[in-house]
Structure formats: C-alpha cells, structure tokens
$ cat model.cif   # mmCIF, C-alpha atoms
data_model
loop_
_atom_site.label_atom_id
_atom_site.label_comp_id
_atom_site.auth_asym_id
_atom_site.auth_seq_id
_atom_site.Cartn_x
_atom_site.Cartn_y
_atom_site.Cartn_z
CA MET I 13 4.97 -10.66 0.42
CA GLY I 14 5.63 -12.07 -3.02
CA ASP I 15 9.24 -12.37 -4.03
CA PHE I 16 11.36 -12.82 -7.12
CA SER I 17 15.05 -13.62 -7.50
CA ILE I 18 17.47 -13.20 -10.37
CA ARG I 19 21.23 -13.70 -10.33
CA GLY I 20 21.17 -14.04 -6.59
CA ILE I 21 19.27 -10.77 -6.00
CA ARG I 22 15.98 -11.25 -4.18
CA PHE I 23 13.21 -8.69 -4.59
CA GLY I 24 10.78 -8.87 -1.70
CA ASP I 25 13.22 -9.63 1.10
CA GLY I 26 12.34 -6.44 2.97
CA ILE I 27 15.26 -4.42 1.56
CA PRO I 28 14.36 -2.06 -1.32
CA LYS I 29 16.79 -2.28 -4.22
CA ILE I 30 18.54 0.76 -5.73
CA PHE I 31 18.68 1.28 -9.51
CA VAL I 32 20.15 4.29 -11.28
CA PRO I 33 18.82 5.24 -14.75
CA VAL I 34 21.20 6.15 -17.60
CA THR I 35 19.66 8.72 -19.95
CA GLU I 36 22.51 9.74 -22.25
CA ARG I 37 21.95 9.79 -26.01
CA THR I 38 25.01 8.15 -27.59
CA SER I 39 26.81 4.88 -26.93
CA GLU I 40 29.96 6.76 -25.94
CA TYR I 41 28.22 8.86 -23.32
CA ILE I 42 25.99 6.04 -22.09
CA LEU I 43 29.00 3.83 -21.43
CA LYS I 44 30.92 6.68 -19.81
CA LYS I 45 27.98 7.51 -17.57
CA ALA I 46 27.55 3.86 -16.62
CA LYS I 47 31.22 3.63 -15.68
CA ASP I 48 30.99 6.84 -13.63
CA ILE I 49 27.90 5.56 -11.80
CA THR I 50 29.41 2.20 -10.90
CA GLU I 51 32.64 3.81 -9.73
CA LYS I 52 30.65 6.26 -7.60
CA ALA I 53 28.62 3.39 -6.19
CA ASP I 54 31.82 1.54 -5.26
CA GLU I 55 32.94 4.62 -3.31
CA LEU I 56 29.61 5.03 -1.57
CA GLU I 57 29.40 1.37 -0.63
CA LYS I 58 32.78 1.63 1.10
CA MET I 59 31.31 4.43 3.24
CA TYR I 60 28.66 2.01 4.58
CA PRO I 61 30.53 -1.30 4.94
CA GLU I 62 28.01 -2.77 7.41
CA SER I 63 24.96 -1.97 5.30
CA THR I 64 23.23 -4.43 2.99
CA ALA I 65 20.76 -1.76 1.81
CA ALA I 66 23.20 0.98 0.77
CA ARG I 67 24.19 -0.93 -2.34
CA LEU I 68 23.70 -0.30 -6.05
CA THR I 69 21.64 -3.23 -7.32
CA GLY I 70 21.79 -2.20 -10.95
CA LEU I 71 21.63 0.26 -13.80
CA GLU I 72 18.57 1.04 -15.89
CA LEU I 73 19.23 1.76 -19.56
CA ARG I 74 16.55 4.23 -20.62
CA ALA I 75 16.73 3.20 -24.25
CA ASP I 76 14.14 5.77 -25.34
CA PHE I 77 16.99 8.30 -25.03
CA PHE I 78 19.47 6.25 -27.09
CA ASP I 79 19.84 7.78 -30.55
CA LYS I 80 20.42 4.41 -32.28
CA VAL I 81 17.85 2.33 -30.44
CA THR I 82 16.31 1.20 -33.74
CA GLU I 83 19.61 -0.21 -35.06
CA ARG I 84 20.12 -3.85 -34.11
CA GLU I 85 23.92 -3.91 -34.13
CA ALA I 86 24.32 -0.62 -32.28
CA LEU I 87 21.82 -1.63 -29.61
CA GLN I 88 23.35 -5.04 -29.01
CA GLU I 89 26.88 -3.63 -28.94
CA LEU I 90 25.74 -1.10 -26.35
CA LEU I 91 24.19 -3.82 -24.20
CA SER I 92 27.38 -5.86 -24.41
CA GLY I 93 29.39 -2.84 -23.33
CA LEU I 94 27.06 -2.16 -20.42
CA ARG I 95 27.25 -5.81 -19.33
CA ARG I 96 31.03 -5.52 -19.03
CA ILE I 97 30.64 -2.39 -16.89
CA VAL I 98 27.89 -3.54 -14.53
CA LYS I 99 29.61 -6.90 -13.93
CA ASP I 100 27.73 -8.62 -11.10
CA ARG I 101 25.15 -5.87 -10.76
CA LEU I 102 21.88 -6.08 -12.68
CA LEU I 103 21.11 -4.44 -16.01
CA LEU I 104 17.52 -3.30 -16.58
CA PHE I 105 16.38 -2.42 -20.12
CA THR I 106 13.57 0.12 -20.39
CA TYR I 107 11.98 1.75 -23.42
CA ARG I 108 9.56 4.30 -22.00
CA SER I 109 6.80 5.40 -24.39
CA GLU I 110 5.86 9.01 -24.99
CA GLU I 111 2.46 8.40 -23.37
CA GLU I 112 4.14 7.31 -20.15
CA GLY I 113 6.79 10.01 -19.92
CA GLY I 114 9.43 8.80 -22.36
CA GLU I 115 11.72 10.68 -24.69
CA LEU I 116 10.04 12.03 -27.85
CA ARG I 117 12.79 11.74 -30.46
CA HIS I 118 12.15 8.29 -31.99
CA ASP I 119 9.21 8.34 -34.39
CA ARG I 120 10.17 4.97 -35.91
CA ALA I 121 10.89 3.28 -32.59
CA GLU I 122 7.27 3.28 -31.41
CA ALA I 123 6.34 1.02 -34.35
CA MET I 124 9.41 -1.15 -33.75
CA ILE I 125 8.91 -1.93 -30.05
CA PRO I 126 8.42 -5.70 -30.58
CA ASP I 127 11.59 -5.85 -32.70
CA ILE I 128 13.57 -3.79 -30.19
CA TYR I 129 12.59 -6.05 -27.31
CA SER I 130 13.29 -9.17 -29.38
CA ARG I 131 16.81 -7.90 -30.07
CA VAL I 132 17.38 -7.18 -26.40
CA ILE I 133 16.16 -10.63 -25.41
CA GLU I 134 18.19 -12.52 -28.00
CA CYS I 135 21.31 -10.58 -26.99
CA GLU I 136 21.01 -11.98 -23.43
CA LYS I 137 22.98 -9.13 -21.85
CA ALA I 138 20.19 -7.56 -19.79
CA ASP I 139 18.83 -9.23 -16.66
CA LEU I 140 15.49 -7.43 -16.51
CA ILE I 141 13.23 -5.71 -19.01
CA ASP I 142 10.53 -3.15 -18.27
CA VAL I 143 7.38 -3.64 -20.36
CA GLU I 144 4.48 -1.20 -20.20
CA LEU I 145 1.12 -2.81 -19.52
CA GLY I 146 -0.43 -0.30 -21.90
CA SER I 147 1.45 -1.81 -24.84
CA GLY I 148 -1.40 -4.30 -25.27
CA ASN I 149 -2.00 -7.73 -23.78
CA TYR I 150 -0.77 -9.79 -26.74
CA ARG I 151 2.44 -7.80 -27.14
CA VAL I 152 3.13 -7.72 -23.41
CA ALA I 153 2.55 -11.46 -22.95
CA ARG I 154 4.71 -12.31 -25.96
CA ILE I 155 7.60 -10.18 -24.69
CA ALA I 156 7.29 -11.76 -21.23
CA VAL I 157 7.38 -15.28 -22.65
CA GLY I 158 10.42 -14.41 -24.74
CA ALA I 159 12.22 -12.88 -21.77
CA HIS I 160 11.53 -15.86 -19.54
CA SER I 161 12.75 -18.25 -22.21
CA HIS I 162 16.12 -16.47 -21.98
CA ASN I 163 16.15 -16.40 -18.16
CA MET I 164 15.35 -12.69 -17.96
CA GLY I 165 12.98 -11.10 -15.47
CA VAL I 166 10.06 -8.85 -16.40
CA ILE I 167 9.01 -5.64 -14.67
CA MET I 168 5.54 -4.78 -15.92
CA SER I 169 4.71 -1.12 -15.45
CA PHE I 170 2.18 1.67 -15.64
CA HIS I 171 2.97 5.40 -15.33
CA ASP I 172 0.67 8.39 -15.11
CA PHE I 173 2.41 11.77 -14.92
CA HIS I 174 -0.87 13.69 -14.52
CA GLU I 175 -2.86 12.11 -11.69
CA THR I 176 -3.20 9.25 -9.24
CA ILE I 177 -5.50 6.55 -10.55
CA HIS I 178 -8.24 5.03 -8.40
CA THR I 179 -7.05 2.30 -6.06
CA GLU I 180 -9.42 -0.24 -7.63
CA ARG I 181 -7.98 0.44 -11.08
CA ALA I 182 -4.43 0.04 -9.79
CA ILE I 183 -5.34 -3.30 -8.21
CA GLN I 184 -6.91 -4.51 -11.45
CA MET I 185 -3.83 -3.42 -13.40
CA MET I 186 -1.54 -5.36 -11.09
CA GLN I 187 -3.75 -8.43 -11.39
CA ASP I 188 -3.49 -8.11 -15.18
CA MET I 189 0.29 -7.82 -14.87
CA VAL I 190 0.45 -11.06 -12.89
CA THR I 191 -1.75 -12.79 -15.46
CA LEU I 192 0.43 -11.58 -18.35
CA GLY I 193 3.65 -12.89 -16.81
CA ALA I 194 5.16 -10.09 -14.74
CA ASP I 195 7.81 -10.92 -12.16
CA ILE I 196 7.71 -7.45 -10.57
CA LEU I 197 4.72 -5.09 -10.69
CA LYS I 198 5.25 -1.34 -11.01
CA ILE I 199 2.80 1.56 -10.63
CA ALA I 200 4.08 5.16 -10.72
CA VAL I 201 1.58 8.01 -10.52
CA MET I 202 1.46 11.75 -9.89
CA PRO I 203 -0.32 12.82 -6.68
CA GLU I 204 -2.54 15.89 -6.59
CA THR I 205 -3.19 15.75 -2.85
CA GLU I 206 -1.61 14.24 0.23
CA MET I 207 -4.49 11.79 0.28
CA ASP I 208 -3.30 10.45 -3.09
CA VAL I 209 0.09 9.71 -1.54
CA GLU I 210 -1.55 8.03 1.45
CA ARG I 211 -3.70 5.86 -0.83
CA MET I 212 -0.66 4.61 -2.74
CA THR I 213 1.26 4.05 0.49
CA ASP I 214 -1.61 1.94 1.84
CA LEU I 215 -1.83 0.07 -1.45
CA SER I 216 1.87 -0.76 -1.39
CA MET I 217 1.56 -2.11 2.13
CA GLN I 218 -1.43 -4.22 1.12
CA VAL I 219 -0.10 -5.75 -2.09
CA ASN I 220 3.34 -6.39 -0.59
CA GLY I 221 1.89 -8.12 2.46
CA VAL I 222 3.08 -5.61 5.06
CA ILE I 223 -0.46 -5.41 6.43
CA PRO I 224 -3.27 -7.99 6.15
CA SER I 225 -5.22 -7.56 2.93
CA ASP I 226 -7.34 -9.30 0.33
CA HIS I 227 -5.11 -7.69 -2.32
CA LEU I 228 -1.90 -9.63 -1.69
CA PHE I 229 -0.25 -10.63 -4.96
CA SER I 230 2.16 -13.47 -5.61
CA LYS I 231 4.67 -10.99 -7.05
CA PRO I 232 6.57 -8.10 -5.43
CA ALA I 233 5.48 -4.57 -6.30
CA VAL I 234 6.98 -1.13 -6.78
CA ILE I 235 4.53 1.70 -6.07
CA ILE I 236 5.76 5.28 -6.47
CA SER I 237 4.11 8.65 -6.01
CA MET I 238 6.12 10.99 -8.22
CA GLY I 239 6.99 14.64 -7.76
CA GLU I 240 7.90 16.59 -4.63
CA MET I 241 4.71 15.65 -2.83
CA GLY I 242 5.39 11.95 -3.23
CA ARG I 243 9.15 11.87 -2.59
CA GLU I 244 8.68 9.89 0.61
CA SER I 245 7.46 6.94 -1.47
CA ARG I 246 10.95 6.63 -2.95
CA ILE I 247 12.60 6.03 0.41
CA ASN I 248 10.01 4.25 2.55
CA GLY I 249 10.26 0.78 1.06
CA PHE I 250 11.38 -0.66 4.39
CA THR I 251 7.91 0.10 5.78
CA THR I 252 5.70 -0.09 2.66
CA GLY I 253 7.34 -3.12 1.04
CA SER I 254 7.98 -1.31 -2.28
CA VAL I 255 10.90 -3.28 -3.70
CA ILE I 256 12.77 -0.80 -5.95
CA THR I 257 13.75 2.84 -5.84
CA PHE I 258 15.33 4.80 -8.68
CA ALA I 259 18.09 7.23 -7.72
CA ALA I 260 19.59 9.94 -9.89
CA ALA I 261 23.21 10.42 -10.91
CA GLY I 262 23.03 14.00 -12.16
CA LYS I 263 19.79 14.73 -14.03
CA THR I 264 16.68 12.88 -12.96
CA SER I 265 14.64 10.57 -15.19
CA ALA I 266 11.40 11.14 -13.25
CA PRO I 267 10.08 13.86 -10.93
CA GLY I 268 11.08 13.58 -7.28
CA GLN I 269 14.07 11.28 -7.52
CA TYR I 270 16.75 11.49 -4.85
CA SER I 271 20.46 11.48 -5.70
CA MET I 272 22.58 8.37 -5.23
CA GLU I 273 24.34 9.98 -2.30
CA GLU I 274 21.04 10.78 -0.58
CA ILE I 275 19.56 7.32 -1.15
CA PHE I 276 22.64 5.51 0.15
CA ARG I 277 22.75 7.64 3.30
CA ILE I 278 19.01 7.33 3.96
CA PHE I 279 18.92 3.58 3.37
CA ALA I 280 21.92 2.99 5.65
CA GLU I 281 20.22 5.01 8.39
CA GLN I 282 16.88 3.28 7.96
CA GLU I 283 18.46 -0.15 7.94
CA SER I 284 20.25 0.55 11.21
CA VAL I 285 16.92 1.52 12.80
CA VAL I 286 15.20 -1.61 11.49
CA ASN I 287 17.99 -3.84 12.81
CA ARG I 288 18.08 -2.39 16.32
#

$ encode --input "model.cif" --output "structure tokens"
Amino acid sequence: MGDFSIRGIRFGDGIPKIFVPVTERTSEYILKKAKDITEKADELEKMYPESTAARLTGLELRADFFDKVTEREALQELLSGLRRIVKDRLLLFTYRSEEEGGELRHDRAEAMIPDIYSRVIECEKADLIDVELGSGNYRVARIAVGAHSHNMGVIMSFHDFHETIHTERAIQMMQDMVTLGADILKIAVMPETEMDVERMTDLSMQVNGVIPSDHLFSKPAVIISMGEMGRESRINGFTTGSVITFAAAGKTSAPGQYSMEEIFRIFAEQESVVNR
C-alpha cells in the first residue's frame, strides 16, 4: 500500500481517516460550525478512549459554498480562523466544481480557480487541498507544485454523480493523478447496480495493495461508491484500504454519508475486531 504523511498523520497505515465537511455560506456560520464539529468530536473521542480509529482527523472546507470565496482577504481570514479552531487536526480545502457536484452560486469563481488556489497556498493555513483531475493537466500540475512548495498535500479527485466509470478508466485516471503530483488519489462514483459497488471495492483493494495486483500505485487511494447502494464503501476502509471517509455533521455534502456519531461507533467496533 502506498502511504503519505503530513503533520504526523499517516494515510495508508490501515486505519481510514475521518474528515467532516463544512458547507455553511458565511464566515460566521462556517467558523461556528467548525467549532461545533470539533467540540462534538472531542466528546465522541472521550467515548472511545482506547480507539485510534474513532478520531476526527480533520475538517474539509467546502469553499464552493462560501459566499466570499472570490475575495482574497475574506478567504484568507476564514482560513486563519479555521486554523485556530482545528488546532492539531488537519484542514482540507476543497472547491468542488458544478460538473462534479459542487454548489452553483459562484459564476465568477469558476474562472478564478487558479487565483483561489494560489491564495489558499500562499496563506499556508490549510494542510491539504483537493484538486479535480478534470481541471486540466497544466492547471492541476501547477497547483500541485505550488502546494508542495508550501509543504501542503494534494488530494487529486474525480467525481461522477451519475454512473460508475469503467474500471480501466478509473485506473488510467489514478495513474494520471500520480503523474501530475497527487499525494492521495480519490475516485467517487454513483453505482447503478450492486456489481458497480463490487467493482469499486475490488479496485480499492487492488490499488491499495490489500490483494495482489498489477494496479498497485505508489500513493494511497480513496474510492467511494456514493448513494444508499454504496454506503458500505464509506465504512469498509479497514478491509478495502480506502484511506479517508467523509462523515456528516448535520446535512450531508454527498449522497450516502454517515453521521459523525455513526462513523465513530462503527470504526471503534471494526478496530476492536481487527485487533483481536
């Protein structure tokens, strides 16, 4: 299994990491939500003192929801505020495009993506950034180089909310991600049949080195089947090798997400089984 570490957190150590997205629209509500999430996580972690899996690894700022994402000062002030709240946990910056399931309110932002990412990188408050492979090779590679020059990690991603892509295409995408500088590879697709879910489960086990395969990558991968049919993919990282799950605090940011409370309980139970 490939692995990647940042700020002492290792992705690919056999324990899937928990992130919670923040999807509020204003700085005030984003910061309040972030504070509520971390306080809730502190409470939940005390319920599972022996567990290393039932832990909140970090928050994901879904910046496509932020009403001032195009304003440099407002964005950097927000990131600074979030950094103070997350403390030793990780902060992941994501701007999800409309094509891949993002918020639809920012007409100007789509043309400003390189500037937005540059501002996030120069601010040096986030630990990880999510960059969509579909943004274009030159743009993706440039953002990755910039992030790495500021000691930030890069999650390179692809999302399809309509279908599950062919396995061969997913493998090629992940190879492209590695070539373009990804530290963590992410594929999230919508299954139409149980076979779609099984294909993505098998793929996760192959690329993460859980089973012998010619498709082992040097980087850890997150592979998610969205929706109700694919919910199992969000909690089976102990067996599939998928390195991140996204849990909801209130409203979900993608179909099929479990709540924080559910994820903590399930991960604590699964970890106890693995360690027997």

$ closest_residue --input "model.cif" --among "I:Lys44, I:Arg246, I:Arg101, I:Arg74" --to "Ser216 (chain I)" --atoms "all atoms listed in the file"
I:Arg246

$ residues_around --input "model.cif" --residues "Val143 (chain I)" --least-positions-apart "5" --cutoff "8 Å" --atoms "only C-alpha atoms" --output "VMD selection string"
chain I and resid 106 to 107 152 155 166 to 169

$ resolve_selection --input "model.cif" --expression "the PyMOL selection byres ((chain I and resi 281) around 12)" --output "PDB file with C-alpha atoms, in the coordinates of the input"
ATOM      1  CA  TYR I  60      28.660   2.010   4.580  1.00  0.00           C
ATOM      2  CA  GLU I  62      28.010  -2.770   7.410  1.00  0.00           C
ATOM      3  CA  SER I  63      24.960  -1.970   5.300  1.00  0.00           C
ATOM      4  CA  THR I  64      23.230  -4.430   2.990  1.00  0.00           C
ATOM      5  CA  ALA I  65      20.760  -1.760   1.810  1.00  0.00           C
ATOM      6  CA  ALA I  66      23.200   0.980   0.770  1.00  0.00           C
ATOM      7  CA  ILE I 247      12.600   6.030   0.410  1.00  0.00           C
ATOM      8  CA  ASN I 248      10.010   4.250   2.550  1.00  0.00           C
ATOM      9  CA  PHE I 250      11.380  -0.660   4.390  1.00  0.00           C
ATOM     10  CA  GLU I 274      21.040  10.780  -0.580  1.00  0.00           C
ATOM     11  CA  ILE I 275      19.560   7.320  -1.150  1.00  0.00           C
ATOM     12  CA  PHE I 276      22.640   5.510   0.150  1.00  0.00           C
ATOM     13  CA  ARG I 277      22.750   7.640   3.300  1.00  0.00           C
ATOM     14  CA  ILE I 278      19.010   7.330   3.960  1.00  0.00           C
ATOM     15  CA  PHE I 279      18.920   3.580   3.370  1.00  0.00           C
ATOM     16  CA  ALA I 280      21.920   2.990   5.650  1.00  0.00           C
ATOM     17  CA  GLN I 282      16.880   3.280   7.960  1.00  0.00           C
ATOM     18  CA  GLU I 283      18.460  -0.150   7.940  1.00  0.00           C
ATOM     19  CA  SER I 284      20.250   0.550  11.210  1.00  0.00           C
ATOM     20  CA  VAL I 285      16.920   1.520  12.800  1.00  0.00           C
ATOM     21  CA  VAL I 286      15.200  -1.610  11.490  1.00  0.00           C
ATOM     22  CA  ASN I 287      17.990  -3.840  12.810  1.00  0.00           C
ATOM     23  CA  ARG I 288      18.080  -2.390  16.320  1.00  0.00           C
TER      24      ARG I 288
END

$ residues_near_point --input "model.cif" --point "(-0.3, -9.6, -15.5)" --cutoff "12 Å" --atoms "only C-alpha atoms" --output "compact mmCIF listing (two decimals) with C-alpha atoms, in the coordinates of the input"
# COMPACT_ATOMS: atom_id res chain seq x y z
CA VAL I 143 7.38 -3.64 -20.36
CA GLU I 144 4.48 -1.20 -20.20
CA LEU I 145 1.12 -2.81 -19.52
CA GLY I 146 -0.43 -0.30 -21.90
CA GLY I 148 -1.40 -4.30 -25.27
CA ASN I 149 -2.00 -7.73 -23.78
CA TYR I 150 -0.77 -9.79 -26.74
CA VAL I 152 3.13 -7.72 -23.41
CA ALA I 153 2.55 -11.46 -22.95
CA ARG I 154 4.71 -12.31 -25.96
CA ALA I 156 7.29 -11.76 -21.23
CA VAL I 157 7.38 -15.28 -22.65
CA VAL I 166 10.06 -8.85 -16.40
CA ILE I 167 9.01 -5.64 -14.67
CA MET I 168 5.54 -4.78 -15.92
CA SER I 169 4.71 -1.12 -15.45
CA PHE I 170 2.18 1.67 -15.64
CA ALA I 182 -4.43 0.04 -9.79
CA ILE I 183 -5.34 -3.30 -8.21
CA GLN I 184 -6.91 -4.51 -11.45
CA MET I 185 -3.83 -3.42 -13.40
CA MET I 186 -1.54 -5.36 -11.09
CA GLN I 187 -3.75 -8.43 -11.39
CA ASP I 188 -3.49 -8.11 -15.18
CA MET I 189 0.29 -7.82 -14.87
CA VAL I 190 0.45 -11.06 -12.89
CA THR I 191 -1.75 -12.79 -15.46
CA LEU I 192 0.43 -11.58 -18.35
CA GLY I 193 3.65 -12.89 -16.81
CA ALA I 194 5.16 -10.09 -14.74
CA ASP I 195 7.81 -10.92 -12.16
CA ILE I 196 7.71 -7.45 -10.57
CA LEU I 197 4.72 -5.09 -10.69
CA LYS I 198 5.25 -1.34 -11.01
CA PHE I 229 -0.25 -10.63 -4.96
CA SER I 230 2.16 -13.47 -5.61
CA LYS I 231 4.67 -10.99 -7.05
CA ALA I 233 5.48 -4.57 -6.30

$ residues_around --input "model.cif" --residues "Val255 (chain I)" --least-positions-apart "6" --cutoff "8 Å" --atoms "all atoms listed in the file" --output "PyMOL selection string"
chain I and resi 23-24+26-29+232-234+249

$ residues_around --input "model.cif" --residues "His162 (chain I)" --least-positions-apart "5" --cutoff "12 Å" --atoms "all atoms listed in the file" --output "VMD selection string"
chain I and resid 130 to 141 155 to 157

$ write_last_selection --input "model.cif" --atoms "C-alpha atoms" --output "PDB file, keeping the file's coordinate frame"
ATOM      1  CA  SER I 130      13.290  -9.170 -29.380  1.00  0.00           C
ATOM      2  CA  ARG I 131      16.810  -7.900 -30.070  1.00  0.00           C
ATOM      3  CA  VAL I 132      17.380  -7.180 -26.400  1.00  0.00           C
ATOM      4  CA  ILE I 133      16.160 -10.630 -25.410  1.00  0.00           C
ATOM      5  CA  GLU I 134      18.190 -12.520 -28.000  1.00  0.00           C
ATOM      6  CA  CYS I 135      21.310 -10.580 -26.990  1.00  0.00           C
ATOM      7  CA  GLU I 136      21.010 -11.980 -23.430  1.00  0.00           C
ATOM      8  CA  LYS I 137      22.980  -9.130 -21.850  1.00  0.00           C
ATOM      9  CA  ALA I 138      20.190  -7.560 -19.790  1.00  0.00           C
ATOM     10  CA  ASP I 139      18.830  -9.230 -16.660  1.00  0.00           C
ATOM     11  CA  LEU I 140      15.490  -7.430 -16.510  1.00  0.00           C
ATOM     12  CA  ILE I 141      13.230  -5.710 -19.010  1.00  0.00           C
ATOM     13  CA  ILE I 155       7.600 -10.180 -24.690  1.00  0.00           C
ATOM     14  CA  ALA I 156       7.290 -11.760 -21.230  1.00  0.00           C
ATOM     15  CA  VAL I 157       7.380 -15.280 -22.650  1.00  0.00           C
TER      16      VAL I 157
END

$ atom_distance --input "model.cif" --atom1 "CA of Glu36 (chain I)" --atom2 "CA of Glu89 (chain I)"
15.6 Å

$ atom_distance --input "model.cif" --atom1 "CA of Gly14 (chain I)" --atom2 "CA of Met217 (chain I)"
11.9 Å

$ atom_distance --input "model.cif" --atom1 "CA of Ile128 (chain I)" --atom2 "CA of Leu104 (chain I)"
14.2 Å

$ residues_around --input "model.cif" --residues "Ser237 (chain I)" --least-positions-apart "4" --cutoff "7 Å" --atoms "all atoms listed in the file" --output "list of chain:residue names"
I:Ala200, I:Val201, I:Met202, I:Pro203, I:Val209, I:Gly242, I:Arg243, I:Ser245

$ resolve_selection --input "model.cif" --expression "the PyMOL selection byres ((chain I and resi 112) around 9)" --output "ChimeraX atom specification"
/I:108-111,113-114,144,170-173

$ decode --input "model.cif" --residues "region 181-233 of chain I" --atoms "C-alpha atoms" --output "short mmCIF file (atom, residue, chain, number, x, y, z; two decimals), in the first residue's frame"
data_model
loop_
_atom_site.label_atom_id
_atom_site.label_comp_id
_atom_site.auth_asym_id
_atom_site.auth_seq_id
_atom_site.Cartn_x
_atom_site.Cartn_y
_atom_site.Cartn_z
CA ARG I 181 -10.77 4.33 -16.99
CA ALA I 182 -10.52 4.69 -13.21
CA ILE I 183 -7.08 3.05 -13.25
CA GLN I 184 -5.90 5.39 -16.01
CA MET I 185 -7.22 8.40 -14.09
CA MET I 186 -5.33 7.37 -10.97
CA GLN I 187 -2.15 6.87 -12.99
CA ASP I 188 -2.62 10.39 -14.38
CA MET I 189 -3.10 11.70 -10.83
CA VAL I 190 0.19 10.15 -9.74
CA THR I 191 1.96 11.63 -12.76
CA LEU I 192 0.54 15.10 -12.07
CA GLY I 193 1.72 15.15 -8.45
CA ALA I 194 -1.09 13.76 -6.30
CA ASP I 195 -0.32 12.60 -2.78
CA ILE I 196 -3.72 10.93 -2.31
CA LEU I 197 -5.92 9.64 -5.15
CA LYS I 198 -9.70 9.96 -4.93
CA ILE I 199 -12.45 8.43 -7.08
CA ALA I 200 -16.12 8.86 -6.09
CA VAL I 201 -18.82 7.47 -8.37
CA MET I 202 -22.52 6.65 -8.34
CA PRO I 203 -23.39 2.93 -8.61
CA GLU I 204 -26.33 1.75 -10.69
CA THR I 205 -26.03 -1.89 -9.68
CA GLU I 206 -24.51 -3.93 -6.89
CA MET I 207 -21.90 -5.07 -9.39
CA ASP I 208 -20.74 -1.44 -9.70
CA VAL I 209 -20.14 -1.37 -5.95
CA GLU I 210 -18.27 -4.68 -6.11
CA ARG I 211 -16.06 -3.41 -8.94
CA MET I 212 -15.05 -0.33 -6.97
CA THR I 213 -14.47 -2.42 -3.84
CA ASP I 214 -12.18 -4.74 -5.78
CA LEU I 215 -10.40 -1.75 -7.32
CA SER I 216 -9.78 -0.20 -3.92
CA MET I 217 -8.29 -3.44 -2.65
CA GLN I 218 -6.06 -3.68 -5.71
CA VAL I 219 -4.71 -0.13 -5.82
CA ASN I 220 -4.21 0.00 -2.06
CA GLY I 221 -2.30 -3.28 -2.01
CA VAL I 222 -4.78 -5.26 0.08
CA ILE I 223 -4.75 -8.01 -2.54
CA PRO I 224 -2.03 -8.81 -5.12
CA SER I 225 -2.47 -6.75 -8.26
CA ASP I 226 -0.70 -5.20 -11.22
CA HIS I 227 -2.52 -1.95 -10.39
CA LEU I 228 -0.73 -1.05 -7.15
CA PHE I 229 0.07 2.65 -7.02
CA SER I 230 2.75 4.42 -5.02
CA LYS I 231 0.10 6.65 -3.44
CA PRO I 232 -2.83 5.83 -1.13
CA ALA I 233 -6.33 5.98 -2.61
#
